[in-house]
Amino acid sequence: MVAHLVRLKLDLLRNSLRRSRAQAIGMILGVLYGAFVVVALAVGVAVLRGEPDVARLVVTIGGAAGIVLWILLPIFAFGSDPTLDPGRFATFSIPPRQLAVGLLLSAFVGLPAIASMVLGVGVVIASSQTALSTVTALVAVPIGLLTAVAVSRWVSSLATGAVSSRRGRDVTATLAVFLLAVVVPAASLAGSAAGDWGGFAETAADVLGWTPLGWAWAAPGDVATGDLAIGVLRLALAAGGLAVAIWLWDRAVRRQVVAPRGVVRPGSQGAATGDLGVLGRVPDDATWAVAARTLTYYARDPRYQVSMFLTPFAPLALLIPFFMSDITWVPLLMGPLAAFLLGWSEHNSVSYESTAFWMHVASGVRGRSDRLGRLLPSLLIAVPFVSAYSVVGAWLGGRWDLLPAIVGLSAALLGAGYAISSIMSIALPYPVPKPGESPFQSPPGAAGMTMLSQSVAGLGTLLLGAPVFALSLLAWTGTSWAPWPALLAGLAVGVGAFWLGLRLGAALYERRAPDLLLSLTVD
């Protein structure tokens with residue numbers, strides 16, 4: 001049964017290449033890009049073989065960070081793979097222990113796990129100072145990887161259950177804010193207390209080496225530097241930590257097999273009879289009808305709510321280095337960053353429609369109405385947030401003279417982001433969680449396509465806004481004539497890009513709407 005589950009995951013990964021040609025090409029390009037980055041990192045770690053002390057610091061901190069990423073990224077970024085959800089196997093009468101082992105090993109069939117294993121090879125090479133340290137690394141690295149995956153699956157199962165209620169979603173969002181507002185400043189303060197980054201790295205490695213995050217990764221370095229007893233002790237603690245992680249995962253599997261959970265509560269109620277909600281409060285026009293549907297999603301769909309909660313407030317993270325250090329220019333970027341994120345976040349909006357997109361095709365909604373209607377709700381959020389962040393950034397940075405340049409750059413990035421998104425959501429959509437599924441899930445095999453589409457959308461936005469950024473940089477460096485030209489250029493670029501992107505996106509929609517519906521239905 002374990003081997004059968006692994007084969008099923010391999011089949012799903014192989015079938016992901018058999019979708020549309022654009023998705024297959026996008027996935028391949030994304031994999032190649034990711035492979036280059038991962039191999040470069042692995043080589044960078046491996047070359048530390050001749051410096052055991054530095055290798056110990058890098059491996060311990062990097063390994064601990066890897067476990068944290070395995071825990072957090074499936075929840076707040078890429079989503080947990082729904083094929084590994086134990087609740088989906090509740091009706092197959094599979095023994096829970098076999099299911100737990102099979103799903104755990106199946107988690108290694110995927111791009112994140114492959115990347116981690118490649119980095120693990122670099123760790124083994126970097127730790128091969130002596131025969132004993134090499135043997136220790138060959139044991140410790142698999143323990144560390146298995147621990148990361150097991151804890152990741154356990155946390156993902158908890159998150160999948162948490163979003164089954166509104167209170168669970170609130171708790172998850174609060175956790176995200178806590179991580180942003182507490183953990184990062186604490187790390188910054190710890191770095192300041194250490195006096196320098198070298199001292200901070202040594203302190204961090206020493207502390208992490210005695211935590212479950214660093215037991216496995218610090219052990220080879222201890223053996224390589226002559227601390228055999230400490231290395232063996234940490235290796236034993238790492239093995240115990242792995243046993244606990246597997247036990248937690250096994251309990252989660254048993255619980256979900258006995259009582260599988262869904263995201264949508266059967267007791268949820270709709271609107272009152274005759275009340276059309278937002279649809280009844282907007283003008284009788286196709287553009288506003290699309291906008292009203294999107295606003296309804298914001299109010300009811302957890303997938304939209306997660307993005308709506310995180311994106312507008314992400315620029316607040318820039319206040320961390322401002323208050324924790326002497327970097328006084330960071331708040332100046334709050335307005336431009338908010339504009340970039342809000343425009344960029346619309347680059348895959350059509351995919352969230354799923355099969356409901358048939359109403360747009362069947363009713364003959366024009367391309368301009370579809371493109372503009374999807375952006376109107378985001379504009380309602382962007383205008384006040386970007387304006388407020390621009391003013392607050394100029395105030396905190398003490399540079400009121402740069403306010404015109406900040407507003408201009410923000411307008412350029414917002415308009416450029418909407419322009420690129422209007423085209424990308426039709427030309428290069430990628431799979432997202434289906435309606436009713438957890439917003440923390442993502443379809444299997446979508447990582448490469450997701451990376452490519454997000455990268456193209458981000459780079460395209462930055463390239464369109466580059467001329468205004470250059471003028472803003474001149475203003476910041478003291479060129480007195482630059483702020484107002486930056487404002488005028490930013491407004492021109494933003495409005496012009498928005499108009500051009502809307503037209504191109506509308507024309508593309510007119511040509512590809514039926515094909516797009518087919519791809520959304522198949523996915």
# chains A, B, ... in the order shown; residues from 1 in each chain; ligands from 1
call {"tool": "residues_around", "arguments": {"residues": "region 395-403 of chain A", "least_positions_apart": "2", "cutoff": "6 Å", "atoms": "only C-alpha atoms", "output": "number ranges by chain"}}
result
A: 328-329, 331, 392-393, 405-406
call {"tool": "write_last_selection", "arguments": {"atoms": "C-alpha atoms", "output": "PDB file, in the first residue's frame"}}
result
ATOM      1  CA  THR A 328      15.192  55.975   7.925  1.00  0.00           C
ATOM      2  CA  TRP A 329      14.443  55.724   4.206  1.00  0.00           C
ATOM      3  CA  PRO A 331       9.122  53.925   5.163  1.00  0.00           C
ATOM      4  CA  VAL A 392       2.734  58.118   6.272  1.00  0.00           C
ATOM      5  CA  GLY A 393       5.967  57.036   4.586  1.00  0.00           C
ATOM      6  CA  ALA A 405       7.831  61.203  -6.314  1.00  0.00           C
ATOM      7  CA  ILE A 406       6.387  58.606  -3.930  1.00  0.00           C
TER       8      ILE A 406
END
call {"tool": "residues_around", "arguments": {"residues": "Leu279 (chain A)", "least_positions_apart": "2", "cutoff": "10 Å", "atoms": "only C-alpha atoms", "output": "MDAnalysis selection string"}}
result
chainID A and resid 275:277 281:284 288:293 295:296
call {"tool": "atom_distance", "arguments": {"atom1": "CA of Arg234 (chain A)", "atom2": "CA of Ile61 (chain A)"}}
result
15.0 Å
call {"tool": "residues_around", "arguments": {"residues": "Leu213 (chain A)", "least_positions_apart": "2", "cutoff": "12 Å", "atoms": "only C-alpha atoms", "output": "PyMOL selection string"}}
result
chain A and resi 59-71+143-145+147-148+151+204-211+215-219+234+237-238+241-242+245
call {"tool": "closest_residue", "arguments": {"among": "A:Trp499, A:Phe340, A:Tyr304, A:Tyr298", "to": "Leu409 (chain A)", "atoms": "only C-alpha atoms"}}
result
A:Phe340
call {"tool": "residues_around", "arguments": {"residues": "region 111-117 of chain A", "least_positions_apart": "4", "cutoff": "8 Å", "atoms": "only C-alpha atoms", "output": "number ranges by chain"}}
result
A: 31, 35, 38, 107, 121, 145, 447
call {"tool": "decode", "arguments": {"residues": "region 388-419 of chain A", "atoms": "N, CA and C atoms", "output": "PDB file, in the first residue's frame"}}
result
ATOM      1  N   ALA A 388      -2.649  56.513   1.838  1.00  0.00           N
ATOM      2  CA  ALA A 388      -2.267  56.620   3.245  1.00  0.00           C
ATOM      3  C   ALA A 388      -0.811  56.205   3.458  1.00  0.00           C
ATOM      4  N   TYR A 389      -0.404  55.110   2.844  1.00  0.00           N
ATOM      5  CA  TYR A 389       0.977  54.657   3.000  1.00  0.00           C
ATOM      6  C   TYR A 389       1.969  55.669   2.424  1.00  0.00           C
ATOM      7  N   SER A 390       1.624  56.309   1.331  1.00  0.00           N
ATOM      8  CA  SER A 390       2.518  57.306   0.743  1.00  0.00           C
ATOM      9  C   SER A 390       2.722  58.483   1.689  1.00  0.00           C
ATOM     10  N   VAL A 391       1.625  58.973   2.271  1.00  0.00           N
ATOM     11  CA  VAL A 391       1.712  60.117   3.189  1.00  0.00           C
ATOM     12  C   VAL A 391       2.442  59.733   4.467  1.00  0.00           C
ATOM     13  N   VAL A 392       2.081  58.562   5.032  1.00  0.00           N
ATOM     14  CA  VAL A 392       2.734  58.118   6.272  1.00  0.00           C
ATOM     15  C   VAL A 392       4.214  57.857   6.036  1.00  0.00           C
ATOM     16  N   GLY A 393       4.560  57.289   4.883  1.00  0.00           N
ATOM     17  CA  GLY A 393       5.967  57.036   4.586  1.00  0.00           C
ATOM     18  C   GLY A 393       6.780  58.315   4.498  1.00  0.00           C
ATOM     19  N   ALA A 394       6.227  59.336   3.819  1.00  0.00           N
ATOM     20  CA  ALA A 394       6.932  60.621   3.732  1.00  0.00           C
ATOM     21  C   ALA A 394       7.070  61.259   5.097  1.00  0.00           C
ATOM     22  N   TRP A 395       6.055  61.100   5.937  1.00  0.00           N
ATOM     23  CA  TRP A 395       6.083  61.687   7.285  1.00  0.00           C
ATOM     24  C   TRP A 395       7.122  60.991   8.163  1.00  0.00           C
ATOM     25  N   LEU A 396       7.087  59.645   8.200  1.00  0.00           N
ATOM     26  CA  LEU A 396       8.038  58.922   9.036  1.00  0.00           C
ATOM     27  C   LEU A 396       9.474  59.102   8.544  1.00  0.00           C
ATOM     28  N   GLY A 397       9.654  59.154   7.234  1.00  0.00           N
ATOM     29  CA  GLY A 397      10.988  59.342   6.693  1.00  0.00           C
ATOM     30  C   GLY A 397      11.483  60.771   6.754  1.00  0.00           C
ATOM     31  N   GLY A 398      10.600  61.707   7.136  1.00  0.00           N
ATOM     32  CA  GLY A 398      11.003  63.101   7.214  1.00  0.00           C
ATOM     33  C   GLY A 398      11.350  63.707   5.875  1.00  0.00           C
ATOM     34  N   ARG A 399      10.688  63.226   4.813  1.00  0.00           N
ATOM     35  CA  ARG A 399      11.006  63.715   3.469  1.00  0.00           C
ATOM     36  C   ARG A 399       9.715  64.118   2.741  1.00  0.00           C
ATOM     37  N   TRP A 400       9.091  65.187   3.221  1.00  0.00           N
ATOM     38  CA  TRP A 400       7.889  65.670   2.556  1.00  0.00           C
ATOM     39  C   TRP A 400       8.177  66.119   1.133  1.00  0.00           C
ATOM     40  N   ASP A 401       9.428  66.501   0.875  1.00  0.00           N
ATOM     41  CA  ASP A 401       9.773  66.922  -0.485  1.00  0.00           C
ATOM     42  C   ASP A 401       9.693  65.774  -1.494  1.00  0.00           C
ATOM     43  N   LEU A 402       9.734  64.534  -0.982  1.00  0.00           N
ATOM     44  CA  LEU A 402       9.671  63.381  -1.872  1.00  0.00           C
ATOM     45  C   LEU A 402       8.253  62.852  -2.062  1.00  0.00           C
ATOM     46  N   LEU A 403       7.272  63.463  -1.418  1.00  0.00           N
ATOM     47  CA  LEU A 403       5.901  62.953  -1.531  1.00  0.00           C
ATOM     48  C   LEU A 403       5.424  62.902  -2.983  1.00  0.00           C
ATOM     49  N   PRO A 404       5.672  63.926  -3.829  1.00  0.00           N
ATOM     50  CA  PRO A 404       5.248  63.791  -5.239  1.00  0.00           C
ATOM     51  C   PRO A 404       5.883  62.597  -5.937  1.00  0.00           C
ATOM     52  N   ALA A 405       7.166  62.341  -5.685  1.00  0.00           N
ATOM     53  CA  ALA A 405       7.831  61.203  -6.314  1.00  0.00           C
ATOM     54  C   ALA A 405       7.269  59.886  -5.801  1.00  0.00           C
ATOM     55  N   ILE A 406       6.959  59.831  -4.497  1.00  0.00           N
ATOM     56  CA  ILE A 406       6.387  58.606  -3.930  1.00  0.00           C
ATOM     57  C   ILE A 406       5.027  58.311  -4.554  1.00  0.00           C
ATOM     58  N   VAL A 407       4.204  59.353  -4.662  1.00  0.00           N
ATOM     59  CA  VAL A 407       2.880  59.170  -5.256  1.00  0.00           C
ATOM     60  C   VAL A 407       3.007  58.760  -6.727  1.00  0.00           C
ATOM     61  N   GLY A 408       3.935  59.395  -7.444  1.00  0.00           N
ATOM     62  CA  GLY A 408       4.129  59.049  -8.848  1.00  0.00           C
ATOM     63  C   GLY A 408       4.578  57.611  -9.036  1.00  0.00           C
ATOM     64  N   LEU A 409       5.549  57.175  -8.233  1.00  0.00           N
ATOM     65  CA  LEU A 409       6.030  55.800  -8.339  1.00  0.00           C
ATOM     66  C   LEU A 409       4.932  54.812  -7.965  1.00  0.00           C
ATOM     67  N   SER A 410       4.157  55.148  -6.949  1.00  0.00           N
ATOM     68  CA  SER A 410       3.050  54.272  -6.547  1.00  0.00           C
ATOM     69  C   SER A 410       2.020  54.153  -7.655  1.00  0.00           C
ATOM     70  N   ALA A 411       1.672  55.273  -8.279  1.00  0.00           N
ATOM     71  CA  ALA A 411       0.696  55.241  -9.371  1.00  0.00           C
ATOM     72  C   ALA A 411       1.211  54.418 -10.543  1.00  0.00           C
ATOM     73  N   ALA A 412       2.498  54.575 -10.854  1.00  0.00           N
ATOM     74  CA  ALA A 412       3.071  53.813 -11.967  1.00  0.00           C
ATOM     75  C   ALA A 412       3.042  52.314 -11.690  1.00  0.00           C
ATOM     76  N   LEU A 413       3.446  51.903 -10.481  1.00  0.00           N
ATOM     77  CA  LEU A 413       3.459  50.477 -10.149  1.00  0.00           C
ATOM     78  C   LEU A 413       2.052  49.904 -10.077  1.00  0.00           C
ATOM     79  N   LEU A 414       1.105  50.689  -9.558  1.00  0.00           N
ATOM     80  CA  LEU A 414      -0.271  50.192  -9.471  1.00  0.00           C
ATOM     81  C   LEU A 414      -0.864  49.992 -10.865  1.00  0.00           C
ATOM     82  N   GLY A 415      -0.729  51.002 -11.717  1.00  0.00           N
ATOM     83  CA  GLY A 415      -1.250  50.884 -13.066  1.00  0.00           C
ATOM     84  C   GLY A 415      -0.553  49.800 -13.865  1.00  0.00           C
ATOM     85  N   ALA A 416       0.775  49.710 -13.715  1.00  0.00           N
ATOM     86  CA  ALA A 416       1.523  48.673 -14.426  1.00  0.00           C
ATOM     87  C   ALA A 416       1.141  47.286 -13.940  1.00  0.00           C
ATOM     88  N   GLY A 417       0.947  47.151 -12.624  1.00  0.00           N
ATOM     89  CA  GLY A 417       0.544  45.852 -12.078  1.00  0.00           C
ATOM     90  C   GLY A 417      -0.813  45.417 -12.598  1.00  0.00           C
ATOM     91  N   TYR A 418      -1.752  46.343 -12.638  1.00  0.00           N
ATOM     92  CA  TYR A 418      -3.074  46.012 -13.175  1.00  0.00           C
ATOM     93  C   TYR A 418      -2.986  45.678 -14.659  1.00  0.00           C
ATOM     94  N   ALA A 419      -2.136  46.385 -15.392  1.00  0.00           N
ATOM     95  CA  ALA A 419      -1.987  46.115 -16.823  1.00  0.00           C
ATOM     96  C   ALA A 419      -1.443  44.713 -17.066  1.00  0.00           C
TER      97      ALA A 419
END
